[in-house]
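K.L.:
What follows is start.cif; its format and atoms are mmCIF, C-alpha atoms.
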data_upload
loop_
_atom_site.group_PDB
_atom_site.id
_atom_site.type_symbol
_atom_site.label_atom_id
_atom_site.label_comp_id
_atom_site.auth_asym_id
_atom_site.auth_seq_id
_atom_site.Cartn_x
_atom_site.Cartn_y
_atom_site.Cartn_z
ATOM 1 C CA MET A 443 0.061 -3.820 -16.375
ATOM 2 C CA PHE A 444 -2.745 -6.383 -16.097
ATOM 3 C CA SER A 445 -0.458 -9.182 -17.281
ATOM 4 C CA PHE A 446 2.182 -8.095 -14.757
ATOM 5 C CA ILE A 447 -0.305 -8.238 -11.860
ATOM 6 C CA LEU A 448 -1.750 -11.560 -13.075
ATOM 7 C CA THR A 449 1.723 -13.105 -13.290
ATOM 8 C CA ARG A 450 2.550 -12.008 -9.760
ATOM 9 C CA LEU A 451 -0.749 -13.328 -8.383
ATOM 10 C CA LEU A 452 -0.348 -16.718 -10.070
ATOM 11 C CA SER A 453 3.206 -17.096 -8.806
ATOM 12 C CA SER A 454 2.002 -16.189 -5.300
ATOM 13 C CA ILE A 455 -0.650 -18.915 -5.412
ATOM 14 C CA VAL A 456 1.949 -21.493 -6.468
ATOM 15 C CA VAL A 457 4.284 -20.430 -3.642
ATOM 16 C CA LEU A 458 1.506 -20.604 -1.043
ATOM 17 C CA PHE A 459 0.458 -24.063 -2.236
ATOM 18 C CA GLY A 460 4.040 -25.298 -1.985
ATOM 19 C CA VAL A 461 4.626 -23.782 1.454
ATOM 20 C CA SER A 462 1.360 -25.084 2.922
ATOM 21 C CA SER A 463 1.986 -28.593 1.564
ATOM 22 C CA LEU A 464 5.606 -28.626 2.787
ATOM 23 C CA VAL A 465 4.568 -27.497 6.270
ATOM 24 C CA PHE A 466 1.844 -30.151 6.396
ATOM 25 C CA PHE A 467 4.246 -33.011 5.641
ATOM 26 C CA LEU A 468 7.032 -31.674 7.890
ATOM 27 C CA ILE A 469 4.679 -31.373 10.856
ATOM 28 C CA HIS A 470 3.496 -34.961 10.396
ATOM 29 C CA ILE A 471 7.066 -36.227 10.081
ATOM 30 C CA ILE A 472 8.450 -34.720 13.312
ATOM 31 C CA PRO A 473 8.327 -36.969 16.390
ATOM 32 C CA GLY A 474 5.442 -36.693 18.808
ATOM 33 C CA ASP A 475 1.837 -37.826 18.993
ATOM 34 C CA PRO A 476 -0.914 -35.283 19.760
ATOM 35 C CA VAL A 477 -3.062 -38.081 21.161
ATOM 36 C CA GLU A 478 -0.465 -38.903 23.830
ATOM 37 C CA VAL A 479 -0.052 -35.197 24.586
ATOM 38 C CA MET A 480 -3.798 -34.894 25.154
ATOM 39 C CA LEU A 481 -4.439 -38.163 27.036
ATOM 40 C CA GLY A 482 -1.023 -38.833 28.557
ATOM 41 C CA GLU A 483 1.168 -41.905 28.202
ATOM 42 C CA SER A 484 -0.805 -43.818 30.854
ATOM 43 C CA ALA A 485 -4.056 -43.748 28.863
ATOM 44 C CA GLN A 486 -5.597 -46.969 27.614
ATOM 45 C CA LEU A 487 -4.686 -48.073 24.081
ATOM 46 C CA ALA A 488 -8.365 -48.290 23.124
ATOM 47 C CA ASP A 489 -8.936 -44.698 24.244
ATOM 48 C CA LYS A 490 -5.943 -43.542 22.205
ATOM 49 C CA GLU A 491 -7.167 -45.324 19.099
ATOM 50 C CA ALA A 492 -10.688 -43.948 19.533
ATOM 51 C CA LEU A 493 -9.374 -40.394 19.799
ATOM 52 C CA ARG A 494 -7.061 -40.937 16.832
ATOM 53 C CA VAL A 495 -10.039 -42.093 14.737
ATOM 54 C CA TYR A 496 -12.108 -39.134 15.951
ATOM 55 C CA LEU A 497 -9.385 -36.689 14.938
ATOM 56 C CA GLY A 498 -8.786 -38.417 11.610
ATOM 57 C CA LEU A 499 -5.142 -39.174 12.425
ATOM 58 C CA ASN A 500 -5.578 -42.852 11.590
ATOM 59 C CA GLU A 501 -6.081 -42.069 7.893
ATOM 60 C CA PRO A 502 -3.191 -42.235 5.382
ATOM 61 C CA ILE A 503 -1.164 -39.048 5.269
ATOM 62 C CA HIS A 504 -2.099 -38.329 1.642
ATOM 63 C CA THR A 505 -5.803 -38.503 2.576
ATOM 64 C CA GLN A 506 -5.222 -36.064 5.430
ATOM 65 C CA TRP A 507 -3.318 -33.788 3.039
ATOM 66 C CA LEU A 508 -6.149 -33.784 0.493
ATOM 67 C CA LYS A 509 -8.647 -32.921 3.235
ATOM 68 C CA TYR A 510 -6.359 -30.134 4.432
ATOM 69 C CA ILE A 511 -5.940 -28.631 0.952
ATOM 70 C CA ASN A 512 -9.695 -28.891 0.334
ATOM 71 C CA GLY A 513 -10.339 -27.092 3.616
ATOM 72 C CA VAL A 514 -7.880 -24.314 2.750
ATOM 73 C CA ILE A 515 -9.511 -23.831 -0.652
ATOM 74 C CA HIS A 516 -12.903 -23.473 1.050
ATOM 75 C CA LEU A 517 -11.381 -21.213 3.779
ATOM 76 C CA ASP A 518 -12.072 -23.860 6.413
ATOM 77 C CA LEU A 519 -9.028 -24.150 8.684
ATOM 78 C CA GLY A 520 -10.605 -26.857 10.813
ATOM 79 C CA THR A 521 -10.793 -27.314 14.593
ATOM 80 C CA SER A 522 -7.945 -27.075 17.092
ATOM 81 C CA ILE A 523 -7.005 -30.400 18.679
ATOM 82 C CA HIS A 524 -6.068 -28.739 21.967
ATOM 83 C CA TYR A 525 -8.636 -25.959 22.289
ATOM 84 C CA HIS A 526 -11.551 -27.855 20.656
ATOM 85 C CA ARG A 527 -12.558 -24.621 18.976
ATOM 86 C CA SER A 528 -12.644 -23.252 15.466
ATOM 87 C CA ILE A 529 -9.130 -22.281 14.381
ATOM 88 C CA SER A 530 -10.463 -19.193 12.618
ATOM 89 C CA GLU A 531 -11.875 -17.885 15.910
ATOM 90 C CA ILE A 532 -8.586 -18.495 17.742
ATOM 91 C CA ILE A 533 -6.564 -16.708 15.050
ATOM 92 C CA ILE A 534 -8.984 -13.767 14.966
ATOM 93 C CA GLU A 535 -8.504 -13.387 18.733
ATOM 94 C CA ARG A 536 -4.691 -13.452 18.521
ATOM 95 C CA LEU A 537 -4.138 -11.572 15.247
ATOM 96 C CA PRO A 538 -4.738 -7.992 16.525
ATOM 97 C CA ALA A 539 -1.877 -8.337 19.032
ATOM 98 C CA THR A 540 0.573 -9.370 16.305
ATOM 99 C CA ILE A 541 -0.624 -6.606 13.976
ATOM 100 C CA LYS A 542 -0.176 -4.057 16.773
ATOM 101 C CA LEU A 543 3.342 -5.305 17.508
ATOM 102 C CA THR A 544 4.313 -5.310 13.813
ATOM 103 C CA VAL A 545 2.988 -1.785 13.206
ATOM 104 C CA TRP A 546 4.791 -0.369 16.237
ATOM 105 C CA ALA A 547 8.003 -2.200 15.352
ATOM 106 C CA LEU A 548 7.800 -0.796 11.817
ATOM 107 C CA LEU A 549 7.260 2.698 13.241
ATOM 108 C CA VAL A 550 10.281 2.277 15.534
ATOM 109 C CA ALA A 551 12.391 1.112 12.595
ATOM 110 C CA ILE A 552 11.395 4.081 10.431
ATOM 111 C CA LEU A 553 11.958 6.627 13.223
ATOM 112 C CA ILE A 554 15.448 5.241 13.854
ATOM 113 C CA ALA A 555 16.515 4.364 10.301
ATOM 114 C CA PHE A 556 15.648 7.536 8.388
ATOM 115 C CA PRO A 557 17.585 9.990 10.606
ATOM 116 C CA LEU A 558 20.550 7.583 10.815
ATOM 117 C CA GLY A 559 20.618 6.904 7.073
ATOM 118 C CA ILE A 560 20.212 10.566 6.087
ATOM 119 C CA LEU A 561 22.862 11.768 8.538
ATOM 120 C CA ALA A 562 25.288 9.091 7.350
ATOM 121 C CA ALA A 563 24.763 9.968 3.672
ATOM 122 C CA VAL A 564 24.974 13.748 4.129
ATOM 123 C CA ASN A 565 28.110 13.413 6.276
ATOM 124 C CA LYS A 566 29.815 10.704 4.251
ATOM 125 C CA ASP A 567 33.203 9.459 5.545
ATOM 126 C CA THR A 568 32.980 11.547 8.703
ATOM 127 C CA MET A 569 32.667 10.517 12.340
ATOM 128 C CA VAL A 570 28.892 10.962 12.067
ATOM 129 C CA ASP A 571 28.801 8.506 9.175
ATOM 130 C CA ARG A 572 30.991 5.978 10.970
ATOM 131 C CA GLY A 573 28.996 6.346 14.186
ATOM 132 C CA ALA A 574 25.663 5.829 12.420
ATOM 133 C CA MET A 575 26.932 2.768 10.577
ATOM 134 C CA PHE A 576 28.398 1.370 13.806
ATOM 135 C CA VAL A 577 24.986 1.675 15.461
ATOM 136 C CA SER A 578 23.348 -0.067 12.485
ATOM 137 C CA LEU A 579 25.976 -2.806 12.612
ATOM 138 C CA LEU A 580 25.137 -3.405 16.265
ATOM 139 C CA GLY A 581 21.458 -3.651 15.389
ATOM 140 C CA VAL A 582 22.134 -6.258 12.714
ATOM 141 C CA SER A 583 24.536 -8.251 14.897
ATOM 142 C CA ILE A 584 22.354 -8.606 18.002
ATOM 143 C CA PRO A 585 19.537 -11.165 17.469
ATOM 144 C CA ASN A 586 16.083 -10.774 18.967
ATOM 145 C CA PHE A 587 16.606 -13.458 21.605
ATOM 146 C CA VAL A 588 19.570 -11.450 22.939
ATOM 147 C CA MET A 589 18.185 -7.942 22.460
ATOM 148 C CA GLY A 590 14.938 -8.799 24.264
ATOM 149 C CA PRO A 591 16.499 -9.979 27.549
ATOM 150 C CA LEU A 592 18.982 -7.070 27.431
ATOM 151 C CA LEU A 593 16.135 -4.569 27.200
ATOM 152 C CA ILE A 594 14.283 -6.380 29.987
ATOM 153 C CA MET A 595 17.347 -6.226 32.238
ATOM 154 C CA LEU A 596 17.889 -2.516 31.496
ATOM 155 C CA PHE A 597 14.373 -1.052 31.306
ATOM 156 C CA ALA A 598 12.302 -3.485 33.381
ATOM 157 C CA VAL A 599 14.698 -4.711 36.109
ATOM 158 C CA ASN A 600 17.393 -2.063 36.653
ATOM 159 C CA LEU A 601 15.167 0.818 35.565
ATOM 160 C CA PRO A 602 11.570 -0.280 36.227
ATOM 161 C CA TRP A 603 10.057 1.875 33.519
ATOM 162 C CA PHE A 604 8.207 -0.711 31.434
ATOM 163 C CA PRO A 605 6.402 -4.016 32.128
ATOM 164 C CA VAL A 606 8.395 -7.227 31.681
ATOM 165 C CA SER A 607 5.721 -9.196 29.836
ATOM 166 C CA GLY A 608 2.082 -9.390 28.850
ATOM 167 C CA SER A 609 -0.101 -6.825 27.118
ATOM 168 C CA GLU A 610 -2.238 -5.459 29.950
ATOM 169 C CA SER A 611 -0.378 -2.163 30.371
ATOM 170 C CA THR A 612 -0.347 0.652 27.816
ATOM 171 C CA PHE A 613 3.467 0.605 27.846
ATOM 172 C CA SER A 614 3.743 -3.178 27.390
ATOM 173 C CA ILE A 615 4.307 -2.645 23.669
ATOM 174 C CA VAL A 616 7.475 -0.558 24.119
ATOM 175 C CA LEU A 617 10.078 -3.272 24.780
ATOM 176 C CA PRO A 618 8.740 -5.809 22.216
ATOM 177 C CA ALA A 619 8.525 -3.085 19.562
ATOM 178 C CA LEU A 620 12.086 -1.932 20.294
ATOM 179 C CA THR A 621 13.349 -5.527 20.151
ATOM 180 C CA LEU A 622 11.665 -6.202 16.838
ATOM 181 C CA GLY A 623 12.228 -2.777 15.285
ATOM 182 C CA THR A 624 15.950 -2.284 15.950
ATOM 183 C CA ALA A 625 17.058 -5.097 13.617
ATOM 184 C CA LEU A 626 14.949 -3.716 10.765
ATOM 185 C CA ALA A 627 16.159 -0.173 11.526
ATOM 186 C CA ALA A 628 19.763 -1.311 11.151
ATOM 187 C CA ILE A 629 19.171 -2.832 7.704
ATOM 188 C CA LEU A 630 16.937 0.030 6.588
ATOM 189 C CA SER A 631 19.385 2.774 7.602
ATOM 190 C CA ARG A 632 22.164 1.211 5.520
ATOM 191 C CA MET A 633 19.858 0.987 2.502
ATOM 192 C CA ILE A 634 18.769 4.627 2.918
ATOM 193 C CA ARG A 635 22.402 5.718 3.110
ATOM 194 C CA ALA A 636 23.371 3.769 -0.025
ATOM 195 C CA SER A 637 20.351 5.013 -2.009
ATOM 196 C CA LEU A 638 20.910 8.634 -1.011
ATOM 197 C CA LEU A 639 24.597 8.481 -1.937
ATOM 198 C CA GLU A 640 23.643 7.311 -5.432
ATOM 199 C CA VAL A 641 21.067 10.073 -5.837
ATOM 200 C CA ILE A 642 23.177 12.901 -4.389
ATOM 201 C CA GLY A 643 25.651 12.580 -7.253
ATOM 202 C CA GLU A 644 23.000 13.061 -9.971
ATOM 203 C CA ASP A 645 22.821 16.125 -12.219
ATOM 204 C CA TYR A 646 19.401 17.314 -10.995
ATOM 205 C CA ILE A 647 20.732 17.506 -7.427
ATOM 206 C CA ARG A 648 23.573 19.749 -8.591
ATOM 207 C CA THR A 649 21.022 21.833 -10.503
ATOM 208 C CA ALA A 650 18.862 22.212 -7.400
ATOM 209 C CA LYS A 651 21.889 23.363 -5.434
ATOM 210 C CA ALA A 652 22.830 25.809 -8.198
ATOM 211 C CA LYS A 653 19.343 27.345 -8.000
ATOM 212 C CA GLY A 654 20.065 28.329 -4.427
ATOM 213 C CA LEU A 655 18.039 25.734 -2.517
ATOM 214 C CA THR A 656 19.264 25.012 0.994
ATOM 215 C CA PRO A 657 20.915 21.632 1.612
ATOM 216 C CA PHE A 658 17.927 20.644 3.762
ATOM 217 C CA ASN A 659 15.436 21.369 0.954
ATOM 218 C CA VAL A 660 17.621 19.590 -1.596
ATOM 219 C CA ILE A 661 17.639 16.444 0.518
ATOM 220 C CA ILE A 662 13.966 16.521 1.521
ATOM 221 C CA GLN A 663 12.395 17.669 -1.760
ATOM 222 C CA HIS A 664 14.672 16.066 -4.370
ATOM 223 C CA ALA A 665 16.997 13.410 -2.975
ATOM 224 C CA ILE A 666 14.764 11.409 -0.624
ATOM 225 C CA PRO A 667 11.752 10.974 -2.985
ATOM 226 C CA ASN A 668 14.063 9.612 -5.697
ATOM 227 C CA ALA A 669 15.889 7.330 -3.270
ATOM 228 C CA LEU A 670 12.749 5.675 -1.902
ATOM 229 C CA LEU A 671 12.278 2.925 -4.521
ATOM 230 C CA PRO A 672 14.797 0.428 -3.094
ATOM 231 C CA VAL A 673 13.735 1.430 0.429
ATOM 232 C CA ILE A 674 10.093 0.555 -0.335
ATOM 233 C CA THR A 675 11.198 -2.806 -1.717
ATOM 234 C CA LEU A 676 13.254 -3.520 1.390
ATOM 235 C CA LEU A 677 10.361 -2.555 3.669
ATOM 236 C CA GLY A 678 8.093 -4.995 1.853
ATOM 237 C CA LEU A 679 10.625 -7.803 2.091
ATOM 238 C CA GLN A 680 11.426 -7.123 5.739
ATOM 239 C CA LEU A 681 7.792 -7.004 6.810
ATOM 240 C CA GLY A 682 7.728 -10.775 6.420
ATOM 241 C CA ALA A 683 10.892 -10.955 8.500
ATOM 242 C CA LEU A 684 9.128 -8.901 11.178
ATOM 243 C CA LEU A 685 6.408 -11.546 11.369
ATOM 244 C CA ALA A 686 9.013 -14.296 11.612
ATOM 245 C CA GLY A 687 10.917 -12.386 14.276
ATOM 246 C CA ALA A 688 7.667 -11.801 16.142
ATOM 247 C CA VAL A 689 7.568 -15.518 16.953
ATOM 248 C CA ILE A 690 10.692 -15.197 19.133
ATOM 249 C CA THR A 691 9.840 -11.748 20.463
ATOM 250 C CA GLU A 692 6.327 -12.737 21.489
ATOM 251 C CA MET A 693 7.661 -15.719 23.421
ATOM 252 C CA ILE A 694 10.247 -13.568 25.251
ATOM 253 C CA PHE A 695 7.683 -10.974 26.321
ATOM 254 C CA SER A 696 4.662 -13.331 26.617
ATOM 255 C CA TRP A 697 2.910 -11.242 23.974
ATOM 256 C CA PRO A 698 -0.420 -12.947 23.120
ATOM 257 C CA GLY A 699 -0.065 -12.966 19.346
ATOM 258 C CA ILE A 700 0.258 -15.419 16.472
ATOM 259 C CA GLY A 701 3.943 -16.084 17.215
ATOM 260 C CA GLN A 702 3.294 -17.283 20.748
ATOM 261 C CA LEU A 703 0.313 -19.285 19.512
ATOM 262 C CA THR A 704 2.515 -21.015 16.922
ATOM 263 C CA ILE A 705 5.121 -22.117 19.487
ATOM 264 C CA GLU A 706 2.449 -23.307 21.927
ATOM 265 C CA SER A 707 0.753 -25.292 19.142
ATOM 266 C CA ILE A 708 4.029 -26.958 18.170
ATOM 267 C CA GLN A 709 4.653 -27.972 21.781
ATOM 268 C CA ARG A 710 1.142 -29.440 22.020
ATOM 269 C CA ARG A 711 1.386 -31.152 18.604
ATOM 270 C CA ASP A 712 -1.764 -29.324 17.545
ATOM 271 C CA TYR A 713 -1.298 -30.059 13.826
ATOM 272 C CA PRO A 714 -4.258 -28.084 12.417
ATOM 273 C CA LEU A 715 -3.429 -24.971 14.451
ATOM 274 C CA VAL A 716 0.284 -25.058 13.545
ATOM 275 C CA GLN A 717 -0.598 -25.403 9.870
ATOM 276 C CA ALA A 718 -3.038 -22.489 10.092
ATOM 277 C CA CYS A 719 -0.508 -20.228 11.861
ATOM 278 C CA VAL A 720 2.261 -20.980 9.367
ATOM 279 C CA LEU A 721 -0.167 -20.554 6.477
ATOM 280 C CA LEU A 722 -1.220 -17.156 7.849
ATOM 281 C CA ILE A 723 2.398 -16.007 8.148
ATOM 282 C CA SER A 724 3.111 -17.299 4.618
ATOM 283 C CA VAL A 725 0.054 -15.579 3.141
ATOM 284 C CA THR A 726 1.046 -12.309 4.816
ATOM 285 C CA TYR A 727 4.662 -12.582 3.671
ATOM 286 C CA VAL A 728 3.798 -13.469 0.068
ATOM 287 C CA GLY A 729 0.932 -10.973 -0.044
ATOM 288 C CA VAL A 730 3.094 -8.080 1.160
ATOM 289 C CA ASN A 731 5.843 -8.966 -1.330
ATOM 290 C CA THR A 732 3.352 -9.199 -4.182
ATOM 291 C CA LEU A 733 1.835 -5.861 -3.206
ATOM 292 C CA THR A 734 5.348 -4.391 -3.042
ATOM 293 C CA ASP A 735 6.066 -5.600 -6.586
ATOM 294 C CA ILE A 736 2.839 -4.052 -7.854
ATOM 295 C CA ILE A 737 3.484 -0.724 -6.086
ATOM 296 C CA TYR A 738 7.049 -0.753 -7.424
ATOM 297 C CA ALA A 739 5.685 -1.245 -10.943
ATOM 298 C CA PHE A 740 3.314 1.697 -10.533
ATOM 299 C CA ILE A 741 6.107 3.928 -9.233
ATOM 300 C CA ASP A 742 8.755 2.843 -11.747
ATOM 301 C CA PRO A 743 7.409 2.386 -15.330
ATOM 302 C CA ARG A 744 10.623 0.553 -16.307
ATOM 303 C CA ILE A 745 9.399 -2.497 -14.374
ATOM 304 C CA ARG A 746 6.204 -2.667 -16.442
ATOM 305 C CA LEU A 747 8.092 -2.078 -19.683
ATOM 306 C CA SER A 748 10.615 -4.827 -18.960
ATOM 307 C CA GLU A 749 7.780 -7.228 -18.155
ATOM 308 C CA ASN A 750 5.967 -6.368 -21.401
ATOM 309 C CA VAL A 751 9.158 -6.820 -23.403
ATOM 310 C CA LYS A 752 9.665 -10.233 -21.798
ATOM 311 C CA VAL A 753 6.097 -11.313 -22.664
ATOM 312 C CA ILE A 754 6.459 -10.132 -26.283
ATOM 313 C CA SER A 755 9.812 -11.910 -26.711
ATOM 314 C CA GLU A 756 8.295 -15.142 -25.388
#
Spell out the structure here as structure tokens.

P.N.:
Amino acid sequence: MFSFILTRLLSSIVVLFGVSSLVFFLIHIIPGDPVEVMLGESAQLADKEALRVYLGLNEPIHTQWLKYINGVIHLDLGTSIHYHRSISEIIIERLPATIKLTVWALLVAILIAFPLGILAAVNKDTMVDRGAMFVSLLGVSIPNFVMGPLLIMLFAVNLPWFPVSGSESTFSIVLPALTLGTALAAILSRMIRASLLEVIGEDYIRTAKAKGLTPFNVIIQHAIPNALLPVITLLGLQLGALLAGAVITEMIFSWPGIGQLTIESIQRRDYPLVQACVLLISVTYVGVNTLTDIIYAFIDPRIRLSENVKVISE
């Protein structure tokens, strides 16, 4: 088990190094000069050069990259070009909003997906099954940048139940969470249905039915626990997608989280802040997937055994 965890951690470090380096070079390649954004095109050339030297943008790109990697290793994300503040402080201020949105979106997805998936599996090839899968298909087909405005038009304009944007009101979280959670609910419900259909045909399910257990108890006590492995994996993988989708959702609803901060930083050519935001999203995505692999290995011993066999054969 130790070798399995160590392998996953080492691979995660390699992935994070590659992603952070790729983002660094891509950001420096795209057109736009942060100095001109800060001073304006009418500024004197000497002032521009002085600011460029002050920010270290006059140095060769490989020197800037080495400084960036060294800062990441020492957990020093640098100073924002636009805000003139520590990037760590800015991220700490914005991170709770994104965490809140992600948690609520995940809760929405689970509350929608589990009833839909279970109903579809129990009533296979019936109108209930087709209706549930049609709803999930709609959820997959409608992207966040369409779902968000639709919900705003319905529940904030036509029916003024929830705020349009911001995070001041208690109910401000409802529309962003619905926008972000419905897409995950659609994918999750289809996975739950497929997993349950595989499990329902097993011998121990027939045995449980033969013992006189009610269909409800058979599903809850025997079928669902054994169908959760692929669902857990999907949840881990889709949590990273939630963070990526939060970038669009936060911009639509003016939600003050990491997603909105990332877009604003790109527009302002705030290189250090963009790199820090993307690195944070990457660390979260890779970390959740690594944790999912480890949990999967604890739940299913076959994963550990296959890994040990691979190590021995090598």

K.L.:
Identify which of the residues A:Leu620, A:Ala652, A:Leu722, A:Val564 lies closest to Phe695 (chain A), counting all atoms listed in the file when measuring atom-to-atom distances.

P.N.:
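Among the listed residues, A:Leu620 lies closest to Phe695 (chain A).
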
K.L.:
A:Gly573, A:Ser462, A:Ala627, A:Pro602: which is nearest Asn512 (chain A), counting only C-alpha atoms?

P.N.:
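The answer is A:Ser462, which sits nearest to Asn512 (chain A).
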
K.L.:
If you count all atoms listed in the file, which residues fall within 10 Å of region 659-661 of chain A, apart from same-chain ones fewer than 2 positions away, as an MDAnalysis selection string?

P.N.:
chainID A and resid 560 564 638 641:642 646:651 654:657 663:668

K.L.:
Which residue, A:Ala555, A:Ile737, A:Val550, A:Val720, has the smallest gap to Ile469 (chain A) when you use all atoms listed in the file?

P.N.:
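Closest candidate: A:Val720.
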
K.L.:
Rank A:Thr540, A:Leu596, A:Arg632, A:Leu671 by their smallest atom-to-atom distance to Arg572 (chain A), using only C-alpha atoms, and report the top residue only.

P.N.:
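That would be A:Arg632, the residue with the smallest distance to Arg572 (chain A).
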
K.L.:
With distances taken over all atoms listed in the file, which residue among A:Val545, A:Ile503, A:Ala636, A:Ile554 lies nearest Pro618 (chain A)?

P.N.:
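Among the listed residues, A:Val545 lies closest to Pro618 (chain A).
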
K.L.:
Evaluating the PyMOL selection byres ((chain A and resi 708) around 12) on the displayed file yields which residues, as a ChimeraX atom specification?

P.N.:
/A:465,468-470,472-476,479,523-524,701-707,709-720

K.L.:
Mind pulling up the distance from CA of Ala562 (chain A) to CA of Ile662 (chain A)?

P.N.:
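One can read the CA of Ile662 (chain A) to CA of Ala562 (chain A) distance as 14.7 Å.
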
K.L.:
Measuring atom to atom with only C-alpha atoms, identify which of A:Ser696, A:Thr505, A:Ser637, A:Thr624 is nearest to Ala669 (chain A).

P.N.:
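Among the listed residues, A:Ser637 lies closest to Ala669 (chain A).
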
K.L.:
Please provide the set of residues having any atom within 9 Å of Leu684 (chain A), restricted to all atoms listed in the file, with same-chain residues fewer than 5 positions apart removed, written as a ChimeraX atom specification.

P.N.:
/A:544,547-548,622-623,626,689

K.L.:
For the selection just defined, write its residues with C-alpha atoms to a file, as a PDB file, in the coordinates of the input.

P.N.:
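Just written: again_1.pdb:
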ATOM      1  CA  THR A 544       4.313  -5.310  13.813  1.00  0.00           C
ATOM      2  CA  ALA A 547       8.003  -2.200  15.352  1.00  0.00           C
ATOM      3  CA  LEU A 548       7.800  -0.796  11.817  1.00  0.00           C
ATOM      4  CA  LEU A 622      11.665  -6.202  16.838  1.00  0.00           C
ATOM      5  CA  GLY A 623      12.228  -2.777  15.285  1.00  0.00           C
ATOM      6  CA  LEU A 626      14.949  -3.716  10.765  1.00  0.00           C
ATOM      7  CA  VAL A 689       7.568 -15.518  16.953  1.00  0.00           C
TER       8      VAL A 689
END

K.L.:
List the residues selected by the PyMOL selection byres ((chain A and resi 616) around 10) in the file shown, writing them as a VMD selection string.

P.N.:
chain A and resid 543 546 to 547 550 597 604 to 605 612 to 615 617 to 621
